$ cat upload.pdb   # PDB, C-alpha atoms, pLDDT in the B column
MODEL        1
ATOM      1  CA  MET M   1     150.378  54.379  58.033  1.00 70.00           C
ATOM      2  CA  LYS M   2     147.043  56.238  58.098  1.00 86.00           C
ATOM      3  CA  GLU M   3     148.871  59.568  57.958  1.00 90.00           C
ATOM      4  CA  GLU M   4     150.821  58.445  54.886  1.00 89.00           C
ATOM      5  CA  LYS M   5     147.646  57.319  53.128  1.00 89.00           C
ATOM      6  CA  ALA M   6     145.873  60.578  54.000  1.00 90.00           C
ATOM      7  CA  LYS M   7     148.823  62.559  52.657  1.00 92.00           C
ATOM      8  CA  LEU M   8     148.804  60.542  49.433  1.00 93.00           C
ATOM      9  CA  ILE M   9     145.065  61.097  49.008  1.00 93.00           C
ATOM     10  CA  ARG M  10     145.511  64.862  49.475  1.00 94.00           C
ATOM     11  CA  GLU M  11     148.378  64.918  46.972  1.00 95.00           C
ATOM     12  CA  VAL M  12     146.411  63.011  44.357  1.00 96.00           C
ATOM     13  CA  LEU M  13     143.317  65.163  44.827  1.00 96.00           C
ATOM     14  CA  SER M  14     145.376  68.321  44.505  1.00 97.00           C
ATOM     15  CA  SER M  15     146.936  66.997  41.282  1.00 97.00           C
ATOM     16  CA  LEU M  16     143.512  66.847  39.615  1.00 98.00           C
ATOM     17  CA  ASN M  17     142.116  69.856  37.791  1.00 97.00           C
ATOM     18  CA  ALA M  18     139.651  71.972  39.752  1.00 97.00           C
ATOM     19  CA  ASP M  19     136.542  70.586  38.011  1.00 96.00           C
ATOM     20  CA  ASP M  20     137.521  66.957  38.639  1.00 97.00           C
ATOM     21  CA  ARG M  21     138.512  67.652  42.238  1.00 98.00           C
ATOM     22  CA  THR M  22     135.282  69.530  42.945  1.00 97.00           C
ATOM     23  CA  ILE M  23     133.006  66.852  41.565  1.00 98.00           C
ATOM     24  CA  ILE M  24     134.802  64.109  43.531  1.00 98.00           C
ATOM     25  CA  LEU M  25     134.692  66.123  46.749  1.00 97.00           C
ATOM     26  CA  LEU M  26     131.013  66.970  46.384  1.00 98.00           C
ATOM     27  CA  ARG M  27     129.970  63.382  45.710  1.00 98.00           C
ATOM     28  CA  ASP M  28     132.397  61.257  47.714  1.00 96.00           C
ATOM     29  CA  TYR M  29     133.207  63.498  50.675  1.00 95.00           C
ATOM     30  CA  GLU M  30     130.160  65.756  50.991  1.00 97.00           C
ATOM     31  CA  LYS M  31     127.824  62.887  49.986  1.00 98.00           C
ATOM     32  CA  MET M  32     125.782  65.168  47.734  1.00 98.00           C
ATOM     33  CA  ALA M  33     123.181  63.660  45.413  1.00 98.00           C
ATOM     34  CA  TYR M  34     123.758  63.886  41.675  1.00 98.00           C
ATOM     35  CA  ALA M  35     120.810  66.282  41.355  1.00 98.00           C
ATOM     36  CA  ASP M  36     122.305  68.599  43.976  1.00 98.00           C
ATOM     37  CA  ILE M  37     125.721  68.545  42.305  1.00 98.00           C
ATOM     38  CA  ALA M  38     124.038  69.338  38.985  1.00 98.00           C
ATOM     39  CA  ARG M  39     122.215  72.277  40.555  1.00 98.00           C
ATOM     40  CA  VAL M  40     125.367  73.646  42.220  1.00 97.00           C
ATOM     41  CA  THR M  41     127.583  73.259  39.154  1.00 96.00           C
ATOM     42  CA  GLY M  42     125.008  74.159  36.512  1.00 97.00           C
ATOM     43  CA  LEU M  43     125.552  70.846  34.717  1.00 97.00           C
ATOM     44  CA  SER M  44     122.995  68.190  33.860  1.00 98.00           C
ATOM     45  CA  GLU M  45     122.865  65.072  36.022  1.00 98.00           C
ATOM     46  CA  THR M  46     124.093  63.021  33.070  1.00 98.00           C
ATOM     47  CA  VAL M  47     127.140  65.248  32.631  1.00 98.00           C
ATOM     48  CA  VAL M  48     127.810  65.095  36.383  1.00 98.00           C
ATOM     49  CA  LYS M  49     127.801  61.278  36.278  1.00 98.00           C
ATOM     50  CA  VAL M  50     130.085  61.145  33.241  1.00 98.00           C
ATOM     51  CA  ARG M  51     132.539  63.676  34.696  1.00 98.00           C
ATOM     52  CA  LEU M  52     132.556  61.914  38.056  1.00 98.00           C
ATOM     53  CA  HIS M  53     133.333  58.595  36.397  1.00 98.00           C
ATOM     54  CA  ARG M  54     136.189  60.120  34.405  1.00 98.00           C
ATOM     55  CA  ALA M  55     137.517  62.001  37.429  1.00 98.00           C
ATOM     56  CA  ARG M  56     137.532  58.807  39.504  1.00 97.00           C
ATOM     57  CA  LEU M  57     139.467  57.003  36.764  1.00 97.00           C
ATOM     58  CA  LYS M  58     142.093  59.768  36.748  1.00 97.00           C
ATOM     59  CA  TYR M  59     142.228  59.731  40.548  1.00 96.00           C
ATOM     60  CA  ARG M  60     142.635  55.949  40.710  1.00 94.00           C
ATOM     61  CA  SER M  61     145.362  55.931  38.072  1.00 94.00           C
ATOM     62  CA  ARG M  62     147.362  58.672  39.784  1.00 95.00           C
ATOM     63  CA  TYR M  63     146.874  57.099  43.208  1.00 94.00           C
ATOM     64  CA  GLU M  64     148.188  53.748  42.020  1.00 92.00           C
ATOM     65  CA  GLN M  65     151.077  55.386  40.126  1.00 92.00           C
ATOM     66  CA  ARG M  66     152.165  56.964  43.396  1.00 89.00           C
ATOM     67  CA  GLY M  67     152.212  53.599  45.126  1.00 86.00           C
ATOM     68  CA  GLY M  68     148.782  53.552  46.699  1.00 80.00           C
ATOM     69  CA  ASP M  69     146.740  50.376  47.015  1.00 75.00           C
ATOM     70  CA  SER M  70     143.730  49.787  44.794  1.00 65.00           C
ATOM     71  CA  CYS M  71     141.178  51.196  47.260  1.00 58.00           C
ATOM     72  CA  GLY M  72     142.290  54.766  47.851  1.00 54.00           C
ATOM     73  CA  MET M  73     138.886  56.406  48.043  1.00 56.00           C
TER
ENDMDL
END

$ encode --input "upload.pdb" --output "structure tokens"
Amino acid sequence: MKEEKAKLIREVLSSLNADDRTIILLRDYEKMAYADIARVTGLSETVVKVRLHRARLKYRSRYEQRGGDSCGM
């Protein structure tokens, strides 16, 4: 079961565009602060927060469309 969920998470992440995937990985997997993500990407903190929110919405929608439960992150 865990292997199936991990595979689904990888598939959904890989289906996102590179910018969305990067911002999710930096924040949710690398646990980077918004300020650090802004510095690395050259974006403002506000833009980082907006893009992260939108990327998470896309991720959640695609995860659920593929049969995942509502807590796939």

$ closest_residue --input "upload.pdb" --among "M:Ile23, M:Leu8, M:Leu16, M:Met32" --to "M:Val48" --atoms "only C-alpha atoms"
M:Ile23

$ resolve_selection --input "upload.pdb" --expression "the PyMOL selection byres ((chain M and resi 24-27) around 12)" --output "PyMOL selection string"
chain M and resi 9-10+12-14+16-23+28-41+48-60+73

$ atom_distance --input "upload.pdb" --atom1 "atom CA of M:Val47" --atom2 "atom CA of M:Ser15"
21.7 Å

$ axis_aligned_box --input "upload.pdb" --around "stretch 61-70 of chain M" --padding-each-side "4 Å" --output "JSON"
{"center_x": 148.0, "center_y": 54.2, "center_z": 42.5, "size_x": 16.5, "size_y": 16.9, "size_z": 16.9}

$ atom_distance --input "upload.pdb" --atom1 "atom CA of M:Ser44" --atom2 "atom CA of M:Glu11"
28.8 Å

$ atom_distance --input "upload.pdb" --atom1 "atom CA of M:Glu64" --atom2 "atom CA of M:Glu3"
17.0 Å

$ build_atoms --input "upload.pdb" --residues "stretch 56-67 of chain M" --atoms "N, CA, C and O atoms" --output "compact mmCIF listing (two decimals), in the coordinates of the input"
# COMPACT_ATOMS: atom_id res chain seq x y z
N ARG M 56 137.13 59.94 38.66
CA ARG M 56 137.53 58.81 39.50
C ARG M 56 138.58 57.94 38.81
O ARG M 56 139.50 57.44 39.47
N LEU M 57 138.45 57.76 37.50
CA LEU M 57 139.47 57.00 36.76
C LEU M 57 140.83 57.69 36.84
O LEU M 57 141.85 57.05 37.05
N LYS M 58 140.84 59.01 36.65
CA LYS M 58 142.09 59.77 36.75
C LYS M 58 142.67 59.65 38.16
O LYS M 58 143.87 59.44 38.34
N TYR M 59 141.79 59.82 39.16
CA TYR M 59 142.23 59.73 40.55
C TYR M 59 142.86 58.37 40.81
O TYR M 59 143.97 58.28 41.35
N ARG M 60 142.16 57.32 40.44
CA ARG M 60 142.64 55.95 40.71
C ARG M 60 143.99 55.70 40.05
O ARG M 60 144.90 55.15 40.66
N SER M 61 144.12 56.12 38.80
CA SER M 61 145.36 55.93 38.07
C SER M 61 146.52 56.65 38.76
O SER M 61 147.59 56.07 38.97
N ARG M 62 146.30 57.89 39.13
CA ARG M 62 147.36 58.67 39.78
C ARG M 62 147.69 58.13 41.17
O ARG M 62 148.85 58.11 41.58
N TYR M 63 146.67 57.67 41.87
CA TYR M 63 146.87 57.10 43.21
C TYR M 63 147.74 55.85 43.12
O TYR M 63 148.70 55.69 43.87
N GLU M 64 147.42 54.98 42.18
CA GLU M 64 148.19 53.75 42.02
C GLU M 64 149.60 54.03 41.50
O GLU M 64 150.55 53.35 41.89
N GLN M 65 149.76 55.02 40.63
CA GLN M 65 151.08 55.39 40.13
C GLN M 65 151.98 55.86 41.26
O GLN M 65 153.21 55.68 41.21
N ARG M 66 151.40 56.46 42.26
CA ARG M 66 152.16 56.96 43.40
C ARG M 66 152.36 55.91 44.49
O ARG M 66 152.82 56.22 45.57
N GLY M 67 151.95 54.69 44.19
CA GLY M 67 152.21 53.60 45.13
C GLY M 67 151.08 53.27 46.06
O GLY M 67 151.25 52.48 46.98
